[in-house]
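Peer 1: File target-v2.txt below, compact mmCIF, C-alpha atoms:
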# COMPACT_ATOMS: atom_id res chain seq x y z
CA MET A 1 0.00 0.00 0.00
CA SER A 2 2.69 2.47 -1.10
CA GLU A 3 1.07 4.99 -3.46
CA PHE A 4 -1.32 7.20 -1.46
CA GLY A 5 -0.80 4.69 1.35
CA ASP A 6 -1.60 7.09 4.19
CA ARG A 7 -4.85 8.22 2.59
CA ARG A 8 -5.86 4.66 1.81
CA ARG A 9 -5.18 3.56 5.37
CA ARG A 10 -7.18 6.47 6.81
CA LEU A 11 -10.16 5.65 4.60
CA ALA A 12 -9.97 1.95 5.50
CA ALA A 13 -9.74 2.84 9.20
CA ALA A 14 -12.76 5.13 8.93
CA MET A 15 -14.67 2.25 7.38
CA GLU A 16 -13.52 0.03 10.24
CA ARG A 17 -14.63 2.46 12.94
CA ARG A 18 -18.16 2.61 11.60
CA GLY A 19 -18.39 -1.14 11.00
CA ALA A 20 -18.72 -0.69 7.24
CA TRP A 21 -16.61 -3.71 6.27
CA PRO A 22 -19.21 -6.53 6.10
CA ALA A 23 -18.20 -9.63 8.03
CA ARG A 24 -20.10 -11.98 5.71
CA SER A 25 -18.22 -10.62 2.67
CA ALA A 26 -14.60 -10.49 3.81
CA TRP A 27 -13.53 -10.70 0.17
CA ILE A 28 -14.63 -7.08 -0.42
CA ARG A 29 -11.92 -5.58 1.79
CA GLN A 30 -9.36 -7.83 0.12
CA ALA A 31 -10.57 -6.65 -3.28
CA VAL A 32 -10.45 -2.97 -2.28
CA ASP A 33 -6.89 -3.42 -1.01
CA ALA A 34 -5.83 -5.22 -4.19
CA LEU A 35 -7.62 -2.80 -6.55
CA PRO A 36 -7.28 0.69 -5.03
CA ARG A 37 -9.62 3.47 -6.12
CA HIS A 38 -6.95 5.74 -7.58
CA ARG A 39 -6.03 3.18 -10.25
CA PHE A 40 -9.43 3.78 -11.84
CA ALA A 41 -9.78 7.53 -11.33
CA PRO A 42 -9.20 9.78 -14.36
CA GLN A 43 -6.47 12.41 -14.29
CA ARG A 44 -9.10 15.15 -13.96
CA LEU A 45 -11.73 15.17 -11.23
CA TRP A 46 -14.25 17.84 -10.30
CA ARG A 47 -14.81 19.60 -6.96
CA TRP A 48 -17.82 21.68 -5.92
CA ASN A 49 -16.65 25.08 -4.68
CA GLY A 50 -20.07 26.26 -3.52
CA GLN A 51 -21.03 27.76 -6.86
CA ALA A 52 -19.81 25.45 -9.59
CA TYR A 53 -17.75 22.33 -10.27
CA ILE A 54 -14.10 23.17 -10.84
CA PRO A 55 -11.43 20.83 -12.23
CA VAL A 56 -8.83 19.17 -10.02
CA ASP A 57 -5.97 17.77 -12.11
CA ARG A 58 -3.59 15.15 -10.82
CA ARG A 59 -0.69 16.60 -12.81
CA THR A 60 -0.95 20.05 -11.22
CA ASP A 61 -2.55 19.28 -7.83
CA ALA A 62 -1.73 15.70 -6.87
CA GLU A 63 -2.69 16.15 -3.22
CA GLY A 64 -5.98 17.84 -4.03
CA TRP A 65 -6.72 15.09 -6.54
CA ALA A 66 -5.91 12.36 -4.01
CA ALA A 67 -8.13 14.08 -1.44
CA GLU A 68 -11.05 13.76 -3.88
CA VAL A 69 -10.33 10.07 -4.50
CA TYR A 70 -9.80 9.18 -0.84
CA GLY A 71 -12.28 11.36 0.99
CA ASP A 72 -14.43 10.06 3.81
CA PRO A 73 -16.42 6.83 3.32
CA ASP A 74 -19.47 8.78 2.08
CA ALA A 75 -17.63 11.00 -0.40
CA ALA A 76 -17.89 10.29 -4.12
CA ALA A 77 -15.31 11.67 -6.56
CA VAL A 78 -16.99 13.40 -9.50
CA THR A 79 -15.34 12.22 -12.72
CA GLN A 80 -17.53 13.90 -15.34
CA VAL A 81 -19.63 17.07 -15.47
CA THR A 82 -22.20 17.65 -18.22
CA ASP A 83 -24.07 20.95 -18.54
CA GLY A 84 -22.86 21.93 -15.10
CA ARG A 85 -24.17 18.78 -13.40
CA PRO A 86 -22.28 15.64 -12.32
CA SER A 87 -22.90 12.86 -14.83
CA SER A 88 -20.47 10.20 -13.62
CA SER A 89 -18.48 9.54 -10.47
CA LEU A 90 -16.20 7.19 -8.62
CA SER A 91 -18.84 6.20 -6.09
CA CYS A 92 -18.22 6.62 -2.38
CA GLN A 93 -16.50 3.62 -0.89
CA ALA A 94 -19.12 2.91 1.79
CA VAL A 95 -21.92 2.58 -0.77
CA VAL A 96 -19.83 0.49 -3.16
CA VAL A 97 -19.01 -1.94 -0.36
CA ASP A 98 -22.60 -2.05 0.89
CA MET A 99 -24.01 -2.76 -2.58
CA LEU A 100 -21.44 -5.47 -3.27
CA ASP A 101 -22.32 -7.09 0.04
CA SER A 102 -26.03 -6.94 -0.88
CA LEU A 103 -25.34 -8.60 -4.24
CA GLN A 104 -23.99 -11.76 -2.57
CA VAL A 105 -21.84 -12.64 -5.59
CA GLU A 106 -19.96 -15.95 -5.48
CA PRO A 107 -17.00 -17.33 -7.46
CA GLY A 108 -18.16 -18.52 -10.86
CA HIS A 109 -21.27 -16.33 -11.00
CA ARG A 110 -22.04 -14.65 -14.30
CA VAL A 111 -22.50 -10.98 -13.49
CA LEU A 112 -23.99 -8.07 -15.44
CA GLU A 113 -23.11 -4.56 -14.33
CA LEU A 114 -25.04 -1.57 -15.68
CA GLY A 115 -23.10 1.67 -15.62
CA SER A 116 -19.36 1.01 -16.01
CA GLY A 117 -18.26 4.47 -14.93
CA THR A 118 -14.57 4.26 -14.10
CA GLY A 119 -14.52 0.45 -14.11
CA TRP A 120 -13.63 0.14 -10.42
CA ASN A 121 -16.85 -1.60 -9.42
CA ALA A 122 -16.53 -4.07 -12.30
CA ALA A 123 -12.96 -4.84 -11.23
CA LEU A 124 -14.14 -5.60 -7.70
CA LEU A 125 -16.87 -7.86 -9.10
CA ALA A 126 -14.33 -9.72 -11.24
CA PHE A 127 -12.08 -10.18 -8.20
CA ARG A 128 -14.89 -12.24 -6.66
CA ALA A 129 -16.70 -13.81 -9.62
CA GLY A 130 -13.56 -14.53 -11.60
CA ARG A 131 -11.92 -13.32 -14.79
CA GLY A 132 -14.21 -13.48 -17.78
CA GLN A 133 -17.36 -13.68 -15.64
CA VAL A 134 -18.38 -10.01 -15.68
CA THR A 135 -20.04 -7.97 -18.44
CA SER A 136 -20.34 -4.22 -17.92
CA VAL A 137 -22.55 -1.90 -20.01
CA GLU A 138 -21.89 1.83 -20.37
CA VAL A 139 -23.93 4.25 -22.48
CA ASP A 140 -21.09 6.78 -22.90
CA PRO A 141 -18.49 5.50 -25.42
CA ALA A 142 -15.72 7.65 -23.94
CA LEU A 143 -16.38 6.37 -20.42
CA ALA A 144 -16.59 2.81 -21.74
CA ALA A 145 -13.20 3.17 -23.42
CA ALA A 146 -11.62 4.56 -20.24
CA ALA A 147 -13.16 1.80 -18.11
CA ARG A 148 -11.95 -0.83 -20.57
CA TRP A 149 -8.42 0.57 -20.39
CA GLY A 150 -8.40 0.54 -16.59
CA LEU A 151 -9.80 -2.98 -16.41
CA ASP A 152 -7.31 -4.29 -18.95
CA ALA A 153 -4.50 -2.74 -16.90
CA VAL A 154 -5.40 -5.01 -13.98
CA ASP A 155 -6.19 -8.01 -16.21
CA ALA A 156 -9.78 -8.22 -14.96
CA GLN A 157 -11.02 -9.65 -18.26
CA VAL A 158 -14.30 -7.76 -18.02
CA ALA A 159 -16.28 -7.33 -21.24
CA VAL A 160 -17.18 -3.63 -21.46
CA GLU A 161 -20.03 -3.03 -23.91
CA VAL A 162 -21.49 0.25 -25.15
CA GLY A 163 -25.26 0.33 -24.82
CA ASP A 164 -28.30 1.55 -22.93
CA GLY A 165 -28.34 -0.14 -19.55
CA GLU A 166 -32.14 -0.10 -19.45
CA ALA A 167 -32.09 -2.92 -22.01
CA GLY A 168 -29.58 -4.94 -20.01
CA TRP A 169 -27.32 -7.02 -22.24
CA PRO A 170 -29.42 -9.86 -23.68
CA ALA A 171 -26.53 -11.40 -25.63
CA GLY A 172 -25.01 -12.68 -22.38
CA ALA A 173 -28.16 -13.74 -20.53
CA LEU A 174 -28.98 -15.44 -18.27
CA TYR A 175 -27.01 -13.89 -15.42
CA ASP A 176 -26.65 -14.99 -11.81
CA ARG A 177 -26.28 -11.43 -10.59
CA VAL A 178 -27.24 -8.02 -12.01
CA MET A 179 -26.11 -4.70 -10.54
CA SER A 180 -27.02 -1.15 -11.56
CA THR A 181 -24.78 1.63 -10.28
CA TYR A 182 -27.15 4.44 -11.28
CA ALA A 183 -30.59 5.24 -9.92
CA VAL A 184 -33.82 4.16 -11.57
CA PRO A 185 -37.35 5.18 -10.54
CA THR A 186 -38.64 1.78 -11.66
CA VAL A 187 -36.73 -1.43 -12.39
CA PRO A 188 -36.65 -2.30 -16.11
CA TRP A 189 -38.29 -5.65 -16.71
CA ALA A 190 -35.39 -6.60 -19.00
CA TRP A 191 -33.17 -6.88 -15.92
CA VAL A 192 -35.51 -9.43 -14.38
CA ALA A 193 -35.94 -11.34 -17.62
CA GLN A 194 -32.16 -11.60 -18.03
CA THR A 195 -31.59 -12.93 -14.50
CA ARG A 196 -31.95 -16.62 -13.78
CA PRO A 197 -34.63 -17.78 -11.33
CA GLY A 198 -33.20 -17.42 -7.84
CA GLY A 199 -30.73 -14.82 -9.10
CA ARG A 200 -30.23 -11.45 -7.45
CA ILE A 201 -30.55 -7.87 -8.70
CA VAL A 202 -29.12 -4.94 -6.76
CA THR A 203 -29.90 -1.44 -7.95
CA ALA A 204 -29.91 2.11 -6.76
CA TRP A 205 -33.55 3.13 -6.54
CA GLY A 206 -35.19 6.52 -6.46
CA ARG A 207 -31.89 8.34 -5.83
CA LEU A 208 -32.26 7.72 -2.10
CA GLY A 209 -31.48 4.06 -1.45
CA HIS A 210 -30.68 0.70 -2.96
CA VAL A 211 -32.67 -2.50 -3.11
CA ALA A 212 -31.81 -6.20 -3.49
CA LEU A 213 -34.35 -8.25 -5.45
CA THR A 214 -34.51 -12.03 -5.82
CA VAL A 215 -36.06 -13.40 -9.01
CA ALA A 216 -38.88 -15.85 -8.35
CA GLU A 217 -38.46 -19.49 -9.33
CA ASP A 218 -41.04 -19.07 -12.11
CA GLY A 219 -39.22 -15.96 -13.40
CA LYS A 220 -42.44 -13.92 -13.33
CA SER A 221 -41.48 -11.49 -10.58
CA ALA A 222 -38.66 -10.20 -8.41
CA THR A 223 -38.97 -8.92 -4.88
CA GLY A 224 -36.73 -7.85 -2.02
CA TRP A 225 -35.87 -5.41 0.73
CA ILE A 226 -34.34 -1.96 0.71
CA GLN A 227 -30.72 -2.35 1.79
CA GLY A 228 -29.61 1.13 2.77
CA LEU A 229 -29.70 4.88 2.21
CA ALA A 230 -27.58 6.80 -0.24
CA GLN A 231 -28.08 9.32 -3.02
CA PHE A 232 -27.28 8.27 -6.56
CA MET A 233 -27.00 9.83 -9.99
CA PRO A 234 -29.87 9.09 -12.37
CA ALA A 235 -29.51 7.29 -15.68
CA ARG A 236 -27.77 9.29 -18.39
CA GLY A 237 -30.26 11.28 -20.43
CA THR A 238 -32.74 11.67 -17.57
CA ARG A 239 -34.54 14.99 -17.98
CA ALA A 240 -33.37 17.64 -15.54
CA ASP A 241 -36.17 18.51 -13.12
CA LEU A 242 -37.49 22.02 -12.89
CA ASP A 243 -36.46 23.76 -9.69
CA PHE A 244 -38.79 25.34 -7.15
CA SER A 245 -38.58 28.84 -8.57
CA GLN A 246 -39.46 27.62 -12.05
CA VAL A 247 -42.51 25.75 -10.77
CA ARG A 248 -43.51 28.52 -8.33
CA GLY A 249 -43.48 31.33 -10.86
CA THR A 250 -44.71 34.74 -9.80
CA ASP A 251 -48.45 34.22 -9.39
CA PRO A 252 -49.91 34.65 -5.90
CA ALA A 253 -50.55 31.54 -3.81
CA ASP A 254 -53.90 29.84 -4.23
CA ASP A 255 -54.03 28.81 -0.59
CA GLU A 256 -52.57 30.06 2.69
CA ARG A 257 -52.95 28.51 6.13
CA PRO A 258 -51.10 28.04 9.42
CA TYR A 259 -48.93 24.95 9.41
CA GLN A 260 -49.19 23.24 12.77
CA ARG A 261 -46.51 20.56 12.45
CA ASP A 262 -42.89 20.87 13.53
CA ILE A 263 -40.96 20.36 10.28
CA GLY A 264 -37.68 19.55 12.03
CA PRO A 265 -38.04 15.81 11.35
CA LEU A 266 -38.04 16.56 7.60
CA ARG A 267 -34.43 17.59 8.05
CA ASP A 268 -33.35 15.16 10.76
CA ASP A 269 -35.22 11.87 10.24
CA TRP A 270 -34.05 10.00 7.16
CA ASN A 271 -36.56 7.23 7.79
CA LEU A 272 -39.31 9.82 7.40
CA ARG A 273 -37.62 11.24 4.31
CA PHE A 274 -37.51 7.79 2.76
CA ALA A 275 -41.16 7.08 3.63
CA LEU A 276 -42.19 10.34 1.98
CA ARG A 277 -40.16 9.42 -1.09
CA VAL A 278 -42.13 6.17 -1.31
CA ALA A 279 -45.52 7.82 -0.81
CA LEU A 280 -44.84 10.96 -2.89
CA PRO A 281 -42.24 9.87 -5.45
CA ASP A 282 -42.54 12.96 -7.64
CA VAL A 283 -42.38 15.54 -4.83
CA HIS A 284 -39.06 17.28 -4.18
CA VAL A 285 -38.42 18.64 -0.69
CA THR A 286 -35.73 21.24 0.05
CA LEU A 287 -35.02 22.66 3.49
CA ALA A 288 -33.02 25.58 4.81
CA ALA A 289 -32.85 27.55 8.06
CA ASP A 290 -32.73 31.31 8.40
CA ALA A 291 -33.04 33.75 11.29
CA ASP A 292 -36.76 32.96 11.60
CA GLY A 293 -36.35 29.17 11.73
CA LEU A 294 -36.55 26.14 9.44
CA ASN A 295 -38.26 26.48 6.06
CA ALA A 296 -39.29 23.92 3.45
CA TRP A 297 -40.07 24.14 -0.24
CA LEU A 298 -41.99 21.41 -2.09
CA HIS A 299 -42.71 21.01 -5.81
CA ASP A 300 -43.63 18.31 -8.30
CA SER A 301 -41.42 19.57 -11.19
CA LYS A 302 -44.58 20.39 -13.12
CA SER A 303 -47.07 22.89 -11.82
CA SER A 304 -47.72 22.41 -8.09
CA TRP A 305 -45.74 23.85 -5.19
CA ALA A 306 -45.89 24.60 -1.49
CA SER A 307 -43.73 26.59 0.89
CA LEU A 308 -43.59 26.14 4.65
CA SER A 309 -42.19 29.38 6.00
CA ALA A 310 -41.07 30.04 9.58
CA LEU A 311 -42.30 33.40 10.88
CA GLY A 312 -39.83 33.85 13.71
CA ASP A 313 -42.36 33.58 16.53
CA GLY A 314 -42.38 29.78 16.59
CA THR A 315 -45.14 29.47 14.01
CA THR A 316 -45.06 28.36 10.39
CA VAL A 317 -47.33 29.31 7.48
CA ALA A 318 -48.05 27.17 4.41
CA HIS A 319 -48.56 28.71 0.97
CA GLN A 320 -49.64 26.45 -1.90
CA GLY A 321 -50.27 26.78 -5.61
CA GLY A 322 -51.09 24.69 -8.65
CA PRO A 323 -53.59 21.89 -9.13
CA ARG A 324 -52.27 19.87 -6.17
CA ARG A 325 -52.05 20.87 -2.52
CA LEU A 326 -48.61 19.52 -1.70
CA ALA A 327 -48.56 20.62 1.94
CA ASP A 328 -51.80 18.68 2.46
CA GLU A 329 -50.36 15.65 0.64
CA LEU A 330 -47.26 15.89 2.82
CA ASP A 331 -49.41 15.83 5.95
CA ARG A 332 -51.39 12.80 4.80
CA ALA A 333 -48.24 10.84 3.90
CA TRP A 334 -46.60 11.83 7.21
CA ASP A 335 -49.69 10.74 9.16
CA ALA A 336 -49.78 7.42 7.29
CA TRP A 337 -46.14 6.80 8.26
CA LEU A 338 -46.97 7.50 11.90
CA ASP A 339 -50.00 5.18 11.71
CA LEU A 340 -47.67 2.41 10.50
CA ASP A 341 -45.57 2.94 13.67
CA LYS A 342 -42.80 4.82 11.83
CA PRO A 343 -41.20 2.03 9.77
CA ASP A 344 -37.54 2.61 8.99
CA VAL A 345 -35.90 2.25 5.61
CA TYR A 346 -35.19 -1.47 6.17
CA ASP A 347 -38.91 -2.16 6.64
CA TYR A 348 -39.57 -1.32 2.99
CA GLY A 349 -39.18 -3.39 -0.15
CA LEU A 350 -40.05 -3.54 -3.85
CA THR A 351 -41.84 -6.06 -6.01
CA VAL A 352 -41.40 -6.03 -9.79
CA GLU A 353 -43.76 -7.81 -12.19
CA PRO A 354 -44.07 -7.56 -15.99
CA ASP A 355 -47.01 -5.14 -15.91
CA GLN A 356 -46.65 -3.45 -12.52
CA GLN A 357 -44.28 -2.75 -9.66
CA TYR A 358 -44.80 -1.36 -6.22
CA ALA A 359 -43.12 -0.52 -2.96
CA TRP A 360 -44.40 -2.13 0.24
CA ALA A 361 -43.78 -1.98 3.97
CA HIS A 362 -43.32 -4.80 6.48
CA ASP A 363 -44.56 -7.67 4.27
CA ALA A 364 -44.57 -8.09 0.49
CA GLN A 365 -47.90 -9.93 0.52
CA THR A 366 -49.91 -8.31 3.29
CA GLY A 367 -48.27 -4.93 3.94
CA PRO A 368 -49.40 -1.58 2.55
CA ARG A 369 -48.43 -0.92 -1.06
CA TRP A 370 -47.51 2.12 -3.15
CA PRO A 371 -47.55 1.73 -6.95
CA LEU A 372 -44.47 2.99 -8.80
CA ASN A 373 -45.14 5.01 -11.91
CA GLY A 374 -41.63 5.78 -13.11
CA ASP A 375 -41.76 9.54 -12.50
Would you mind writing the file out in structure tokens?
Peer 2:
Amino acid sequence: MSEFGDRRRRLAAAMERRGAWPARSAWIRQAVDALPRHRFAPQRLWRWNGQAYIPVDRRTDAEGWAAEVYGDPDAAAVTQVTDGRPSSSLSCQAVVVDMLDSLQVEPGHRVLELGSGTGWNAALLAFRAGRGQVTSVEVDPALAAAARWGLDAVDAQVAVEVGDGEAGWPAGALYDRVMSTYAVPTVPWAWVAQTRPGGRIVTAWGRLGHVALTVAEDGKSATGWIQGLAQFMPARGTRADLDFSQVRGTDPADDERPYQRDIGPLRDDWNLRFALRVALPDVHVTLAADADGLNAWLHDSKSSWASLSALGDGTTVAHQGGPRRLADELDRAWDAWLDLDKPDVYDYGLTVEPDQQYAWAHDAQTGPRWPLNGD
């Protein structure tokens, strides 16, 4: 562990302190040690300076570059910026490890990865599954070429294909394991169809967590539990959402009322945030505090909005506009979560069928369900 050894050791120790190295998958730490992150990072990374993403080049700022690669366990290194937004990254180490543990890959498994990125994740998969066992699909030809170069440099023998990950890679099916490294609002049926019965699919879902699905023995469905919280980039080409100001416009509010609820949990309780994401998948919630207190802004990226504004005297007022009343919808979803005894993220799961898919809580068969519409 010579090159960037101190930084690598500090990151590994931080993972150790928080118990992020999974005991049941000891191979992952071995793989991370054998295939360090910096070997797959491009010479130019991007750092957010509070206003924009600025380049950090290894040739001119080696220490700054290394700090991006080996940040804390929850820090991703942005490797590509498109139209001012991150479009690819070297994912944070804690999430990579957690998703690999969830995949439960074994030696000899045939694995399909969707979203090659830098190639690091595919290299880790090949370390476990074996050379020649992993196919990785990347929609961006330039990223695919870079990933292929990095993987060839470590003799991983991963087949890197250029294509749309939504379609999977039917030429290599059936697979024992399928992993998507980018977020999807709904799971493409092609992924299920290309996984053998009893096989496992791990994907980032809804930009707020990841799920592990097991394909039914008859191949007609896949179901499984949410595995953890993290924020992910969407699939390339996903339409950029309108922001609050664009949805809000300048028209006066259609509705104004006192808002009786303490909105602090919207900021502090990630289990609540996840439950609201399940119940209101198209509603964006942003929070910020000022001298008057905590404020929230909600919108559906179309035409409905709500603001919850602190007045400085301990009270909050709700303003709403558009065809929906998002503050009211927020209250109903919040109350439903409380009525279910505040399930946490690990109490939720997804079921995917050819003509429908839905999230559920507590039990896939008898628990409450929320249909997924792909928004």
Peer 1: Taking 2 positions as the minimum chain separation for residues in the same chain, which residues sit within 6 Å of range 125-133 of chain A when counting only C-alpha atoms? Answer as a list of chain:residue names.
Peer 2: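 The filter keeps A:Glu106, A:Pro107, A:Gly108, A:His109, A:Arg110, A:Ala122, A:Ala123, A:Ala156, A:Gln157, A:Val158.
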Peer 1: Please indicate the distance in Å from CA of Glu166 in chain A to CA of Pro188 in chain A, rounded to one decimal place.
Peer 2: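 So the answer is 6.0 Å.
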Peer 1: Compile the contact shell of range 88-90 of chain A as a list in words: residues with an atom at most 8 Å away, counting only C-alpha atoms, same-chain residues fewer than 5 positions apart removed.
Peer 2: Arg37, Ala41, Val69, Ala76, Ala77, Val78, Thr79, Gln80, Val81, Gly117, Thr118, Trp120 and Met233 of chain A
Peer 1: Out of A:Tyr175, A:Ala34, A:Gly119, A:Ser102, which residue has the shortest atom-to-atom distance to Arg148 in chain A when counting all atoms listed in the file?
Peer 2: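 Nearest to Arg148 in chain A: A:Gly119.
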Peer 1: Pick out the closest residue to Val160 in chain A from this set: A:Asp331, A:Glu138, A:Asp347, A:Asp61. Count only C-alpha atoms.
Peer 2: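 Checking each of A:Asp331, A:Glu138, A:Asp347, A:Asp61 against Val160 in chain A, counting only C-alpha atoms, the winner is A:Glu138.
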Peer 1: Can you tell me, as number ranges by chain, what residues are no more than 9 Å from range 308-320 of chain A when counting all atoms listed in the file, ignoring any on the same chain fewer than 3 positions away?
Peer 2: A: 253-263, 289-298, 304-305, 324-327
Peer 1: Restricting the calculation to all atoms listed in the file, which member of A:Leu213, A:Ala159, A:Ala222, A:Val202 is positioned closest to Ala183 in chain A?
Peer 2: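 Using all atoms listed in the file, Ala183 in chain A sits closest to A:Val202.
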Peer 1: For the atom pair CA of Asp155 in chain A and CA of Leu35 in chain A, what is the interatomic distance in Å to one decimal place?
Peer 2: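 CA of Leu35 in chain A lies 11.1 Å from CA of Asp155 in chain A.
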Peer 1: Could I see range 274-285 of chain A restored to N, CA, C and O atoms, set down as a short mmCIF file (atom, residue, chain, number, x, y, z; two decimals), keeping the file's coordinate frame?
Peer 2:
data_model
loop_
_atom_site.label_atom_id
_atom_site.label_comp_id
_atom_site.auth_asym_id
_atom_site.auth_seq_id
_atom_site.Cartn_x
_atom_site.Cartn_y
_atom_site.Cartn_z
N PHE A 274 -37.36 8.92 3.67
CA PHE A 274 -37.51 7.79 2.76
C PHE A 274 -38.98 7.42 2.60
O PHE A 274 -39.45 7.16 1.48
N ALA A 275 -39.73 7.41 3.70
CA ALA A 275 -41.16 7.08 3.63
C ALA A 275 -41.91 8.07 2.75
O ALA A 275 -42.81 7.69 1.99
N LEU A 276 -41.55 9.34 2.82
CA LEU A 276 -42.19 10.34 1.98
C LEU A 276 -41.81 10.15 0.52
O LEU A 276 -42.62 10.39 -0.39
N ARG A 277 -40.57 9.71 0.29
CA ARG A 277 -40.16 9.42 -1.09
C ARG A 277 -40.99 8.27 -1.68
O ARG A 277 -41.35 8.28 -2.86
N VAL A 278 -41.31 7.29 -0.85
CA VAL A 278 -42.13 6.17 -1.31
C VAL A 278 -43.56 6.64 -1.60
O VAL A 278 -44.14 6.31 -2.64
N ALA A 279 -44.12 7.42 -0.68
CA ALA A 279 -45.52 7.82 -0.81
C ALA A 279 -45.72 8.93 -1.84
O ALA A 279 -46.77 8.99 -2.50
N LEU A 280 -44.73 9.81 -1.99
CA LEU A 280 -44.84 10.96 -2.89
C LEU A 280 -43.60 10.98 -3.80
O LEU A 280 -42.74 11.86 -3.68
N PRO A 281 -43.49 10.03 -4.71
CA PRO A 281 -42.24 9.87 -5.45
C PRO A 281 -41.87 11.03 -6.36
O PRO A 281 -40.70 11.20 -6.70
N ASP A 282 -42.85 11.86 -6.74
CA ASP A 282 -42.54 12.96 -7.64
C ASP A 282 -42.38 14.29 -6.91
O ASP A 282 -42.18 15.33 -7.55
N VAL A 283 -42.46 14.30 -5.60
CA VAL A 283 -42.38 15.54 -4.83
C VAL A 283 -40.97 15.76 -4.32
O VAL A 283 -40.41 14.90 -3.63
N HIS A 284 -40.40 16.90 -4.65
CA HIS A 284 -39.06 17.28 -4.18
C HIS A 284 -39.21 18.15 -2.94
O HIS A 284 -40.02 19.07 -2.92
N VAL A 285 -38.39 17.88 -1.94
CA VAL A 285 -38.42 18.64 -0.69
C VAL A 285 -37.04 19.23 -0.43
O VAL A 285 -36.04 18.51 -0.41
#
